[in-house]
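Colleague: The following file, query.txt, comprises compact mmCIF, C-alpha atoms and all ligand atoms:
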```
# COMPACT_ATOMS: atom_id res chain seq x y z
CA MET A 1 117.03 100.78 86.46
CA ALA A 2 120.05 98.51 86.69
CA ARG A 3 123.57 99.22 85.39
CA VAL A 4 123.12 98.62 81.67
CA TYR A 5 119.87 100.61 81.53
CA SER A 6 120.71 103.84 83.38
CA GLY A 7 123.64 106.22 83.21
CA ALA A 8 124.71 109.79 83.91
CA GLU A 9 123.16 111.34 80.78
CA LEU A 10 119.73 109.85 81.46
CA VAL A 11 119.80 110.68 85.18
CA ALA A 12 120.89 114.27 84.57
CA ALA A 13 118.35 114.82 81.77
CA VAL A 14 115.49 113.68 84.03
CA SER A 15 116.67 115.82 86.95
CA ASN A 16 117.28 118.87 84.75
CA ALA A 17 113.67 118.65 83.53
CA GLY A 18 112.31 118.66 87.11
CA GLY A 19 112.10 114.92 87.75
CA LEU A 20 114.40 112.92 90.00
CA GLY A 21 116.86 110.94 87.92
CA ILE A 22 118.02 107.73 89.62
CA LEU A 23 121.21 105.83 88.82
CA GLY A 24 120.86 102.04 89.06
CA CYS A 25 123.66 100.47 91.11
CA LEU A 26 122.70 96.82 90.58
CA GLY A 27 125.83 95.23 89.08
CA ARG A 28 127.76 98.53 89.13
CA PRO A 29 131.25 98.45 90.66
CA ALA A 30 132.20 101.26 93.06
CA ASP A 31 134.68 103.00 90.74
CA GLU A 32 132.14 103.09 87.91
CA ALA A 33 129.41 104.40 90.26
CA LEU A 34 131.77 107.16 91.39
CA ALA A 35 132.58 108.12 87.80
CA GLU A 36 128.86 108.22 86.91
CA ILE A 37 128.03 110.34 89.98
CA ARG A 38 130.75 112.82 89.05
CA ARG A 39 129.42 112.98 85.49
CA ILE A 40 125.89 113.54 86.79
CA ARG A 41 127.18 116.41 88.92
CA ALA A 42 128.92 117.90 85.91
CA LEU A 43 125.63 117.76 83.94
CA THR A 44 123.18 118.98 86.59
CA ASP A 45 123.06 120.80 89.90
CA ARG A 46 119.60 119.31 90.64
CA PRO A 47 118.98 116.46 93.12
CA PHE A 48 119.37 112.89 91.87
CA GLY A 49 119.40 109.42 93.39
CA VAL A 50 121.01 106.02 93.39
CA THR A 51 119.19 102.72 93.77
CA PHE A 52 120.22 99.41 95.33
CA VAL A 53 118.67 95.96 95.26
CA LEU A 54 119.32 95.01 98.87
CA HIS A 55 119.74 91.27 98.50
CA GLN A 56 122.40 91.90 95.83
CA CYS A 57 123.91 95.06 97.27
CA ASP A 58 127.60 95.68 96.53
CA GLU A 59 128.94 97.04 99.84
CA ALA A 60 131.82 98.96 98.22
CA THR A 61 129.42 100.70 95.81
CA PHE A 62 127.03 101.51 98.64
CA GLU A 63 129.86 102.97 100.75
CA ALA A 64 131.08 105.02 97.78
CA CYS A 65 127.60 106.53 97.26
CA LEU A 66 127.32 107.36 100.98
CA ALA A 67 130.75 109.01 100.91
CA GLU A 68 129.69 111.05 97.85
CA HIS A 69 126.60 112.30 99.77
CA VAL A 70 124.19 111.36 97.01
CA PRO A 71 120.97 113.17 97.99
CA VAL A 72 118.50 110.27 97.49
CA PHE A 73 118.89 106.52 98.07
CA ALA A 74 116.23 104.12 96.75
CA PHE A 75 115.97 100.49 97.87
CA PHE A 76 114.23 97.40 96.52
CA ARG A 77 113.86 93.88 97.97
CA GLY A 78 115.07 92.86 101.41
CA GLU A 79 114.74 94.24 104.94
CA PRO A 80 115.68 97.91 104.58
CA SER A 81 116.21 99.24 108.13
CA GLU A 82 120.03 99.12 108.17
CA ALA A 83 120.36 100.61 104.67
CA ILE A 84 117.88 103.36 105.52
CA ALA A 85 119.69 104.20 108.77
CA ARG A 86 123.04 104.41 106.97
CA ALA A 87 121.59 106.61 104.22
CA HIS A 88 119.96 108.88 106.80
CA ALA A 89 123.25 109.15 108.69
CA ALA A 90 124.80 110.43 105.45
CA GLY A 91 122.03 113.03 105.14
CA ALA A 92 120.10 111.32 102.33
CA THR A 93 116.38 111.01 101.70
CA THR A 94 115.25 107.40 101.24
CA ILE A 95 112.71 105.75 98.94
CA CYS A 96 111.64 102.13 99.48
CA GLN A 97 110.08 100.39 96.50
CA ILE A 98 107.68 97.71 97.75
CA THR A 99 105.42 95.16 96.07
CA THR A 100 103.04 94.16 98.91
CA VAL A 101 101.25 95.88 101.78
CA ASP A 102 103.38 93.95 104.31
CA GLU A 103 106.54 95.28 102.69
CA ALA A 104 105.06 98.80 102.83
CA ILE A 105 104.50 98.46 106.58
CA GLN A 106 108.04 97.09 107.00
CA ALA A 107 109.50 100.05 105.07
CA ARG A 108 107.40 102.56 107.01
CA GLU A 109 108.57 101.05 110.31
CA ALA A 110 112.17 101.13 109.03
CA ARG A 111 111.66 104.92 108.65
CA ALA A 112 111.68 105.23 104.87
CA ASP A 113 110.89 108.80 103.80
CA VAL A 114 108.98 107.82 100.63
CA LEU A 115 107.31 104.57 99.56
CA ALA A 116 107.04 103.46 95.94
CA ALA A 117 104.25 100.94 95.35
CA GLN A 118 105.28 98.76 92.44
CA GLY A 119 102.51 96.94 90.61
CA HIS A 120 102.57 93.77 88.54
CA GLU A 121 102.61 95.91 85.36
CA ALA A 122 106.20 97.05 86.01
CA GLY A 123 109.18 96.22 83.82
CA GLY A 124 112.17 94.30 85.18
CA HIS A 125 111.64 92.48 88.46
CA MET A 126 108.15 93.12 89.73
CA GLY A 127 105.70 92.00 92.36
CA PRO A 128 102.45 90.05 92.15
CA ILE A 129 99.74 92.71 92.73
CA PRO A 130 98.23 94.98 90.04
CA LEU A 131 98.90 98.69 90.74
CA LEU A 132 95.19 99.59 90.80
CA THR A 133 94.74 97.23 93.76
CA LEU A 134 98.07 97.74 95.53
CA LEU A 135 98.35 101.54 95.47
CA PRO A 136 95.26 102.49 97.54
CA GLU A 137 96.14 99.82 100.10
CA VAL A 138 99.70 101.15 100.42
CA VAL A 139 98.43 104.74 100.71
CA ALA A 140 96.14 103.54 103.51
CA VAL A 141 99.04 102.15 105.56
CA ALA A 142 101.61 104.83 104.63
CA ASP A 143 100.74 106.95 107.65
CA GLY A 144 101.13 110.16 105.68
CA LEU A 145 104.35 109.20 103.89
CA PRO A 146 104.32 110.15 100.19
CA VAL A 147 103.66 107.12 97.99
CA LEU A 148 104.92 106.92 94.40
CA ALA A 149 103.17 104.68 91.88
CA ALA A 150 105.31 102.35 89.74
CA GLY A 151 104.34 99.98 86.97
CA GLY A 152 102.89 100.64 83.54
CA ILE A 153 102.92 104.45 83.80
CA VAL A 154 104.33 105.94 80.60
CA ASP A 155 102.33 109.14 80.07
CA GLY A 156 100.35 111.91 81.75
CA GLN A 157 97.11 109.94 81.74
CA GLY A 158 98.82 107.22 83.74
CA LEU A 159 100.28 109.77 86.18
CA ALA A 160 96.86 111.42 86.58
CA ALA A 161 95.26 108.02 87.29
CA ALA A 162 97.90 107.29 89.93
CA LEU A 163 97.34 110.70 91.56
CA CYS A 164 93.59 109.93 91.69
CA LEU A 165 94.43 106.75 93.61
CA GLY A 166 96.36 108.72 96.22
CA ALA A 167 99.88 108.67 94.80
CA ALA A 168 102.18 111.65 95.28
CA GLY A 169 103.95 110.96 91.98
CA ALA A 170 105.15 108.23 89.64
CA LEU A 171 108.30 106.14 89.44
CA MET A 172 108.82 105.30 85.78
CA GLY A 173 111.31 102.97 84.14
CA THR A 174 110.23 101.66 80.74
CA ARG A 175 109.28 105.07 79.31
CA PHE A 176 112.83 106.23 80.01
CA LEU A 177 114.36 103.22 78.26
CA ALA A 178 112.86 104.58 75.04
CA THR A 179 114.80 107.85 75.22
CA HIS A 180 117.87 109.10 73.41
CA GLU A 181 119.88 109.22 76.64
CA ALA A 182 119.15 105.68 77.89
CA PRO A 183 122.18 103.39 77.52
CA ALA A 184 119.91 100.43 76.57
CA LEU A 185 120.74 98.62 73.30
CA ALA A 186 119.15 100.07 70.16
CA ALA A 187 117.38 96.76 69.47
CA HIS A 188 115.80 96.92 72.94
CA LYS A 189 114.54 100.46 72.29
CA ARG A 190 113.13 99.42 68.89
CA ALA A 191 111.32 96.48 70.51
CA ILE A 192 109.64 98.83 73.00
CA LEU A 193 108.47 101.11 70.20
CA ALA A 194 107.11 98.12 68.26
CA ALA A 195 105.40 96.49 71.28
CA ARG A 196 101.62 96.44 71.40
CA PRO A 197 99.44 96.20 74.52
CA GLY A 198 99.63 92.62 75.76
CA ASP A 199 103.10 91.92 74.34
CA THR A 200 104.87 91.75 77.72
CA VAL A 201 104.82 88.69 79.95
CA ALA A 202 105.71 87.96 83.59
CA ASN A 203 108.11 85.02 83.77
CA ASP A 204 110.72 83.17 85.84
CA ILE A 205 113.12 82.33 83.03
CA PHE A 206 115.50 85.28 83.35
CA ASP A 207 116.31 84.48 86.98
CA ILE A 208 117.23 80.95 85.88
CA LEU A 209 119.31 82.41 83.06
CA TRP A 210 121.09 84.88 85.33
CA GLY A 211 121.45 82.34 88.16
CA GLU A 212 119.93 84.75 90.68
CA ALA A 213 117.07 84.00 93.06
CA TRP A 214 114.62 86.88 93.57
CA PRO A 215 112.06 85.35 95.96
CA GLY A 216 108.56 86.78 95.64
CA VAL A 217 109.04 88.56 92.31
CA GLN A 218 109.12 87.68 88.62
CA THR A 219 110.53 89.53 85.61
CA ARG A 220 108.41 91.30 83.01
CA ALA A 221 109.74 91.43 79.45
CA ILE A 222 108.53 91.72 75.87
CA ARG A 223 107.58 88.30 74.57
CA ASN A 224 110.02 87.03 71.91
CA LYS A 225 111.22 83.67 70.57
CA PHE A 226 113.52 83.12 73.55
CA ILE A 227 110.65 83.54 76.02
CA ASP A 228 108.23 81.45 73.95
CA ARG A 229 110.80 78.63 73.78
CA TRP A 230 111.38 78.40 77.54
CA ILE A 231 108.27 79.62 79.33
CA GLY A 232 106.64 76.52 80.78
CA HIS A 233 109.92 74.59 80.20
CA GLU A 234 111.91 76.08 83.08
CA ASP A 235 113.34 72.68 84.17
CA GLU A 236 114.75 72.06 80.68
CA LEU A 237 116.22 75.58 80.65
CA GLN A 238 117.92 74.88 83.98
CA ALA A 239 119.35 71.62 82.63
CA ALA A 240 120.83 73.31 79.54
CA ILE A 241 121.80 76.56 81.23
CA GLU A 242 125.54 76.75 80.42
CA GLU A 243 124.98 76.37 76.68
CA ILE A 244 122.01 78.76 76.75
CA ARG A 245 124.14 81.40 78.51
CA ARG A 246 126.75 81.18 75.75
CA GLN A 247 124.09 81.56 73.06
CA ARG A 248 122.51 84.48 74.88
CA ALA A 249 125.77 86.42 75.16
CA GLN A 250 126.05 86.12 71.38
CA ALA A 251 122.42 87.24 70.94
CA ASN A 252 123.17 90.40 72.91
CA ALA A 253 126.34 91.04 70.90
CA ASP A 254 124.30 90.60 67.69
CA GLN A 255 121.41 92.67 69.10
CA ASN A 256 119.08 89.89 68.03
CA PRO A 257 115.62 90.92 69.35
CA ASP A 258 114.29 87.36 69.06
CA GLU A 259 116.80 86.08 71.61
CA MET A 260 117.67 89.09 73.84
CA PRO A 261 116.09 89.83 77.21
CA LEU A 262 113.78 92.74 76.42
CA LEU A 263 112.83 93.88 79.92
CA ALA A 264 109.87 96.25 79.78
CA GLY A 265 106.66 97.09 81.62
CA ALA A 266 103.15 96.53 80.35
CA GLY A 267 103.06 100.22 79.33
CA ALA A 268 105.53 99.49 76.51
CA GLY A 269 102.47 99.02 74.29
CA LEU A 270 101.68 102.73 74.74
CA ILE A 271 105.17 104.00 73.77
CA HIS A 272 105.49 104.88 70.09
CA GLU A 273 108.34 107.35 69.85
CA LEU A 274 111.95 107.67 70.99
CA LYS A 275 112.24 111.05 72.74
CA PRO A 276 114.73 113.08 74.77
CA ALA A 277 114.23 112.20 78.46
CA GLY A 278 113.63 115.82 79.47
CA GLN A 279 110.81 116.06 76.92
CA VAL A 280 109.24 112.93 78.43
CA VAL A 281 109.25 114.50 81.91
CA ARG A 282 107.73 117.76 80.67
CA GLU A 283 105.07 116.07 78.52
CA VAL A 284 104.01 113.66 81.27
CA VAL A 285 103.52 116.55 83.71
CA GLU A 286 101.71 118.77 81.19
CA GLU A 287 99.41 115.95 80.07
CA ALA A 288 98.57 114.98 83.67
CA GLN A 289 97.68 118.60 84.42
CA GLN A 290 95.42 118.76 81.32
CA VAL A 291 93.71 115.48 82.23
CA LEU A 292 93.08 116.54 85.82
CA ARG A 293 91.82 119.99 84.76
CA ALA A 294 89.45 118.41 82.23
CA LEU A 295 88.26 115.96 84.90
CA GLY A 296 87.65 118.83 87.33
CA ALA A 297 85.68 120.78 84.69
CA HIS A 298 83.69 117.65 83.84
CA ILE A 299 82.73 117.06 87.47
CA GLY A 300 82.12 120.77 88.02
C1 LIG A 401 115.04 97.45 82.34
C2 LIG A 401 114.62 97.65 83.77
C3 LIG A 401 115.56 97.47 84.77
C4 LIG A 401 115.19 97.65 86.11
N1 LIG A 401 116.13 97.51 87.08
C5 LIG A 401 115.80 97.78 88.38
C6 LIG A 401 116.80 97.75 89.41
O1 LIG A 401 117.96 97.45 89.17
N2 LIG A 401 116.41 98.06 90.67
C7 LIG A 401 115.12 98.40 90.98
O2 LIG A 401 114.83 98.72 92.13
N3 LIG A 401 114.15 98.42 90.01
C8 LIG A 401 114.47 98.13 88.74
N4 LIG A 401 113.50 98.18 87.77
C9 LIG A 401 112.10 98.44 88.16
C10 LIG A 401 111.84 99.93 88.33
O3 LIG A 401 112.37 100.36 89.56
C11 LIG A 401 110.35 100.27 88.30
O4 LIG A 401 109.66 99.53 89.28
C12 LIG A 401 109.70 99.97 86.98
O5 LIG A 401 110.49 100.40 85.90
C13 LIG A 401 108.34 100.65 86.92
O6 LIG A 401 107.57 100.11 85.90
P1 LIG A 401 107.65 100.61 84.38
O7 LIG A 401 108.90 100.01 83.84
O8 LIG A 401 106.42 100.04 83.78
O9 LIG A 401 107.69 102.10 84.37
C14 LIG A 401 113.85 97.99 86.43
C15 LIG A 401 112.93 98.18 85.39
C16 LIG A 401 113.29 98.02 84.08
C17 LIG A 401 112.28 98.24 83.00
```
Please express the file's structure as structure tokens.
Ligand SMILES: Cc1cc2nc3c(=O)[nH]c(=O)nc-3n(C[C@H](O)[C@H](O)[C@H](O)COP(=O)(O)O)c2cc1C

Modeller:
Amino acid sequence: MARVYSGAELVAAVSNAGGLGILGCLGRPADEALAEIRRIRALTDRPFGVTFVLHQCDEATFEACLAEHVPVFAFFRGEPSEAIARAHAAGATTICQITTVDEAIQAREARADVLAAQGHEAGGHMGPIPLLTLLPEVVAVADGLPVLAAGGIVDGQGLAAALCLGAAGALMGTRFLATHEAPALAAHKRAILAARPGDTVANDIFDILWGEAWPGVQTRAIRNKFIDRWIGHEDELQAAIEEIRRQRAQANADQNPDEMPLLAGAGAGLIHELKPAGQVVREVVEEAQQVLRALGAHIG
């Protein structure tokens, strides 16, 4: 997850528990990325990754991560072949997060090592296709590459369901926002804990707000007064954007949950407790094992 949502403590806690912690580099300057990578290395000797949104990739940050020999590079949006080749040349393993079958084929042909199929349930920027539909189609074209499932997975039941659909694992964001180590604002974490199923909504208003075009994807967030005011009124939002940006900066400073962007996946409705990130990793794995064992016993 992007700069303000991921940091060294979260990444290291996930990796120390046996997951692969990934540091978001969207919006992160090179010197800050370097400092975070060094802190990660002080907190864990396990593998970890960095992730770049290719159409907004900061070249200096990317170069710094290559020079640091970060073991895993993940990519999202944009044609990935050059980024993959550069990461491979630095000895890294690459993950391409994709939102359509065509993007999966493109990533496979660009020699990605791992695909991550991201469904419409995902938090943050996400694609148009529900995971249940997308994942088996991506597995079918993956040509043996491991495929991770992303979008709406917050517990072991979700992981087990993804494994049943052919996934090799899960890529989770929202569940890790609601952890002690996540650098997200406290009001954002509280909103995730309070969310009920159906409280998130896919929308175009944050890209207008941030002045960034993300062709082919929308943003999923918890519905609040800000979203209700502008969804369906995108032209008016665009017309008033400078004033709205000023108000929004204040809303963030005040941690006002009615007016903040509360990015979260559809699985937020299943998250009820703030936990240490390592505990999340362990519980998800244990619960998935229990579910799959019970399923096996049931089928005989
Ligand atoms: C707050 C937030 C920020 C995100 N930022 C990024 C990002 O910068 N780059 C990226 O590739 N994916 C980003 N994602 C999407 C994740 O990579 C992943 O697809 C998503 O979290 C999976 O769905 P889930 O949130 O339901 O677990 C973000 C997700 C969230 C919730």

Colleague: List all protein, DNA and RNA residues that have at least one atom no more than 8 Å from any atom of ligand LIG 401 (chain A), counting only C-alpha atoms and all ligand atoms, and write them as a PDB file with C-alpha atoms, keeping the file's coordinate frame.

Modeller:
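The new file part-v2.pdb reads:
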```
ATOM      1  CA  MET A   1     117.030 100.780  86.460  1.00  0.00           C
ATOM      2  CA  ALA A   2     120.050  98.510  86.690  1.00  0.00           C
ATOM      3  CA  ARG A   3     123.570  99.220  85.390  1.00  0.00           C
ATOM      4  CA  TYR A   5     119.870 100.610  81.530  1.00  0.00           C
ATOM      5  CA  GLY A  24     120.860 102.040  89.060  1.00  0.00           C
ATOM      6  CA  CYS A  25     123.660 100.470  91.110  1.00  0.00           C
ATOM      7  CA  LEU A  26     122.700  96.820  90.580  1.00  0.00           C
ATOM      8  CA  THR A  51     119.190 102.720  93.770  1.00  0.00           C
ATOM      9  CA  PHE A  52     120.220  99.410  95.330  1.00  0.00           C
ATOM     10  CA  VAL A  53     118.670  95.960  95.260  1.00  0.00           C
ATOM     11  CA  ALA A  74     116.230 104.120  96.750  1.00  0.00           C
ATOM     12  CA  PHE A  75     115.970 100.490  97.870  1.00  0.00           C
ATOM     13  CA  PHE A  76     114.230  97.400  96.520  1.00  0.00           C
ATOM     14  CA  ARG A  77     113.860  93.880  97.970  1.00  0.00           C
ATOM     15  CA  GLN A  97     110.080 100.390  96.500  1.00  0.00           C
ATOM     16  CA  GLN A 118     105.280  98.760  92.440  1.00  0.00           C
ATOM     17  CA  GLY A 119     102.510  96.940  90.610  1.00  0.00           C
ATOM     18  CA  GLU A 121     102.610  95.910  85.360  1.00  0.00           C
ATOM     19  CA  ALA A 122     106.200  97.050  86.010  1.00  0.00           C
ATOM     20  CA  GLY A 123     109.180  96.220  83.820  1.00  0.00           C
ATOM     21  CA  GLY A 124     112.170  94.300  85.180  1.00  0.00           C
ATOM     22  CA  HIS A 125     111.640  92.480  88.460  1.00  0.00           C
ATOM     23  CA  MET A 126     108.150  93.120  89.730  1.00  0.00           C
ATOM     24  CA  ALA A 150     105.310 102.350  89.740  1.00  0.00           C
ATOM     25  CA  GLY A 151     104.340  99.980  86.970  1.00  0.00           C
ATOM     26  CA  GLY A 152     102.890 100.640  83.540  1.00  0.00           C
ATOM     27  CA  ILE A 153     102.920 104.450  83.800  1.00  0.00           C
ATOM     28  CA  VAL A 154     104.330 105.940  80.600  1.00  0.00           C
ATOM     29  CA  LEU A 171     108.300 106.140  89.440  1.00  0.00           C
ATOM     30  CA  MET A 172     108.820 105.300  85.780  1.00  0.00           C
ATOM     31  CA  GLY A 173     111.310 102.970  84.140  1.00  0.00           C
ATOM     32  CA  THR A 174     110.230 101.660  80.740  1.00  0.00           C
ATOM     33  CA  ARG A 175     109.280 105.070  79.310  1.00  0.00           C
ATOM     34  CA  PHE A 176     112.830 106.230  80.010  1.00  0.00           C
ATOM     35  CA  LEU A 177     114.360 103.220  78.260  1.00  0.00           C
ATOM     36  CA  ARG A 220     108.410  91.300  83.010  1.00  0.00           C
ATOM     37  CA  LEU A 262     113.780  92.740  76.420  1.00  0.00           C
ATOM     38  CA  LEU A 263     112.830  93.880  79.920  1.00  0.00           C
ATOM     39  CA  ALA A 264     109.870  96.250  79.780  1.00  0.00           C
ATOM     40  CA  GLY A 265     106.660  97.090  81.620  1.00  0.00           C
ATOM     41  CA  ALA A 266     103.150  96.530  80.350  1.00  0.00           C
ATOM     42  CA  GLY A 267     103.060 100.220  79.330  1.00  0.00           C
ATOM     43  CA  ALA A 268     105.530  99.490  76.510  1.00  0.00           C
TER      44      ALA A 268
END
```

Colleague: Rank A:Leu34, A:Leu132, A:Val70, A:Ala8 by their smallest atom-to-atom distance to Ala161 of chain A, using all atoms listed in the file, and report the top residue only.

Modeller: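 Using all atoms listed in the file, Ala161 of chain A sits closest to A:Leu132.
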
Colleague: Just want the 10 Å neighbourhood of Glu137 of chain A, counted on all atoms listed in the file, with same-chain residues fewer than 2 positions away dropped. Output as a VMD selection string.

Modeller: chain A and resid 100 to 101 104 117 131 to 135 139 to 142 165 to 166

Colleague: Identify, on the basis of all atoms listed in the file, every residue whose closest approach to Leu43 of chain A does not exceed 8 Å; exclude the query and any residue fewer than 3 positions from it along the same chain; express the result as a ChimeraX atom specification.

Modeller: /A:9,12,39-40

Colleague: Could you write out that same residue set with C-alpha atoms as a short mmCIF file (atom, residue, chain, number, x, y, z; two decimals), in the frame of the given file?

Modeller:
```
data_model
loop_
_atom_site.label_atom_id
_atom_site.label_comp_id
_atom_site.auth_asym_id
_atom_site.auth_seq_id
_atom_site.Cartn_x
_atom_site.Cartn_y
_atom_site.Cartn_z
CA GLU A 9 123.16 111.34 80.78
CA ALA A 12 120.89 114.27 84.57
CA ARG A 39 129.42 112.98 85.49
CA ILE A 40 125.89 113.54 86.79
#
```

Colleague: Env of segment 222-226 of chain A: 8 Å cut, atoms = all atoms listed in the file, seq-sep filter 3 positions within chain, self excluded. Answer as a ChimeraX atom specification.

Modeller: /A:191-192,195,199-201,229-230,257-264

Colleague: Would you export the selected residues with C-alpha atoms as a PDB file, keeping the file's coordinate frame, please?

Modeller:
```
ATOM      1  CA  ALA A 191     111.320  96.480  70.510  1.00  0.00           C
ATOM      2  CA  ILE A 192     109.640  98.830  73.000  1.00  0.00           C
ATOM      3  CA  ALA A 195     105.400  96.490  71.280  1.00  0.00           C
ATOM      4  CA  ASP A 199     103.100  91.920  74.340  1.00  0.00           C
ATOM      5  CA  THR A 200     104.870  91.750  77.720  1.00  0.00           C
ATOM      6  CA  VAL A 201     104.820  88.690  79.950  1.00  0.00           C
ATOM      7  CA  ARG A 229     110.800  78.630  73.780  1.00  0.00           C
ATOM      8  CA  TRP A 230     111.380  78.400  77.540  1.00  0.00           C
ATOM      9  CA  PRO A 257     115.620  90.920  69.350  1.00  0.00           C
ATOM     10  CA  ASP A 258     114.290  87.360  69.060  1.00  0.00           C
ATOM     11  CA  GLU A 259     116.800  86.080  71.610  1.00  0.00           C
ATOM     12  CA  MET A 260     117.670  89.090  73.840  1.00  0.00           C
ATOM     13  CA  PRO A 261     116.090  89.830  77.210  1.00  0.00           C
ATOM     14  CA  LEU A 262     113.780  92.740  76.420  1.00  0.00           C
ATOM     15  CA  LEU A 263     112.830  93.880  79.920  1.00  0.00           C
ATOM     16  CA  ALA A 264     109.870  96.250  79.780  1.00  0.00           C
TER      17      ALA A 264
END
```

Colleague: Enter the distance from atom CA of Gln290 of chain A to atom CA of Gln157 of chain A, in Å, rounded to one decimal.

Modeller: 9.0 Å

Colleague: Using all atoms listed in the file, which of A:Gly18, A:Glu63, A:Asp204, A:Ala107 sits nearest Gly232 of chain A?

Modeller: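 Once distances to Gly232 of chain A are computed over all atoms listed in the file, the minimum belongs to A:Asp204.
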
Colleague: Select all residues near (121.0, 101.7, 103.5) (cut-off 12 Å, inclusive, file coordinates), counting only C-alpha atoms, and output them as a ChimeraX atom specification.

Modeller: /A:50-55,57-59,61-63,65-66,72-96,107,110-112

Colleague: Find, counting only C-alpha atoms, the residue in A:Gln218, A:Asn256, A:Gln56, A:Gln279 that gets nearest to Ala187 of chain A.

Modeller: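 Closest to Ala187 of chain A, using only C-alpha atoms: A:Asn256.
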
Colleague: Between A:Leu270, A:Val14, A:Leu209, A:Val281, which residue has the minimum interatomic distance to Ala249 of chain A, considering only C-alpha atoms?

Modeller: A:Leu209

Colleague: Given only C-alpha atoms as the basis, pick out the residue of A:Ile129, A:Ala251, A:Leu159, A:Ile241 nearest to Glu283 of chain A.

Modeller: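 Once distances to Glu283 of chain A are computed over only C-alpha atoms, the minimum belongs to A:Leu159.
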
Colleague: Find, counting all atoms listed in the file, the residue in A:Val284, A:Ala60, A:Ile244, A:Leu145 that gets nearest to Gly158 of chain A.

Modeller: A:Val284

Colleague: Could you tell me how far atom CA of Val285 of chain A sits from atom CA of His69 of chain A, in Å to one decimal place?

Modeller: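 Straight-line distance from atom CA of His69 of chain A to atom CA of Val285 of chain A works out to 28.4 Å.
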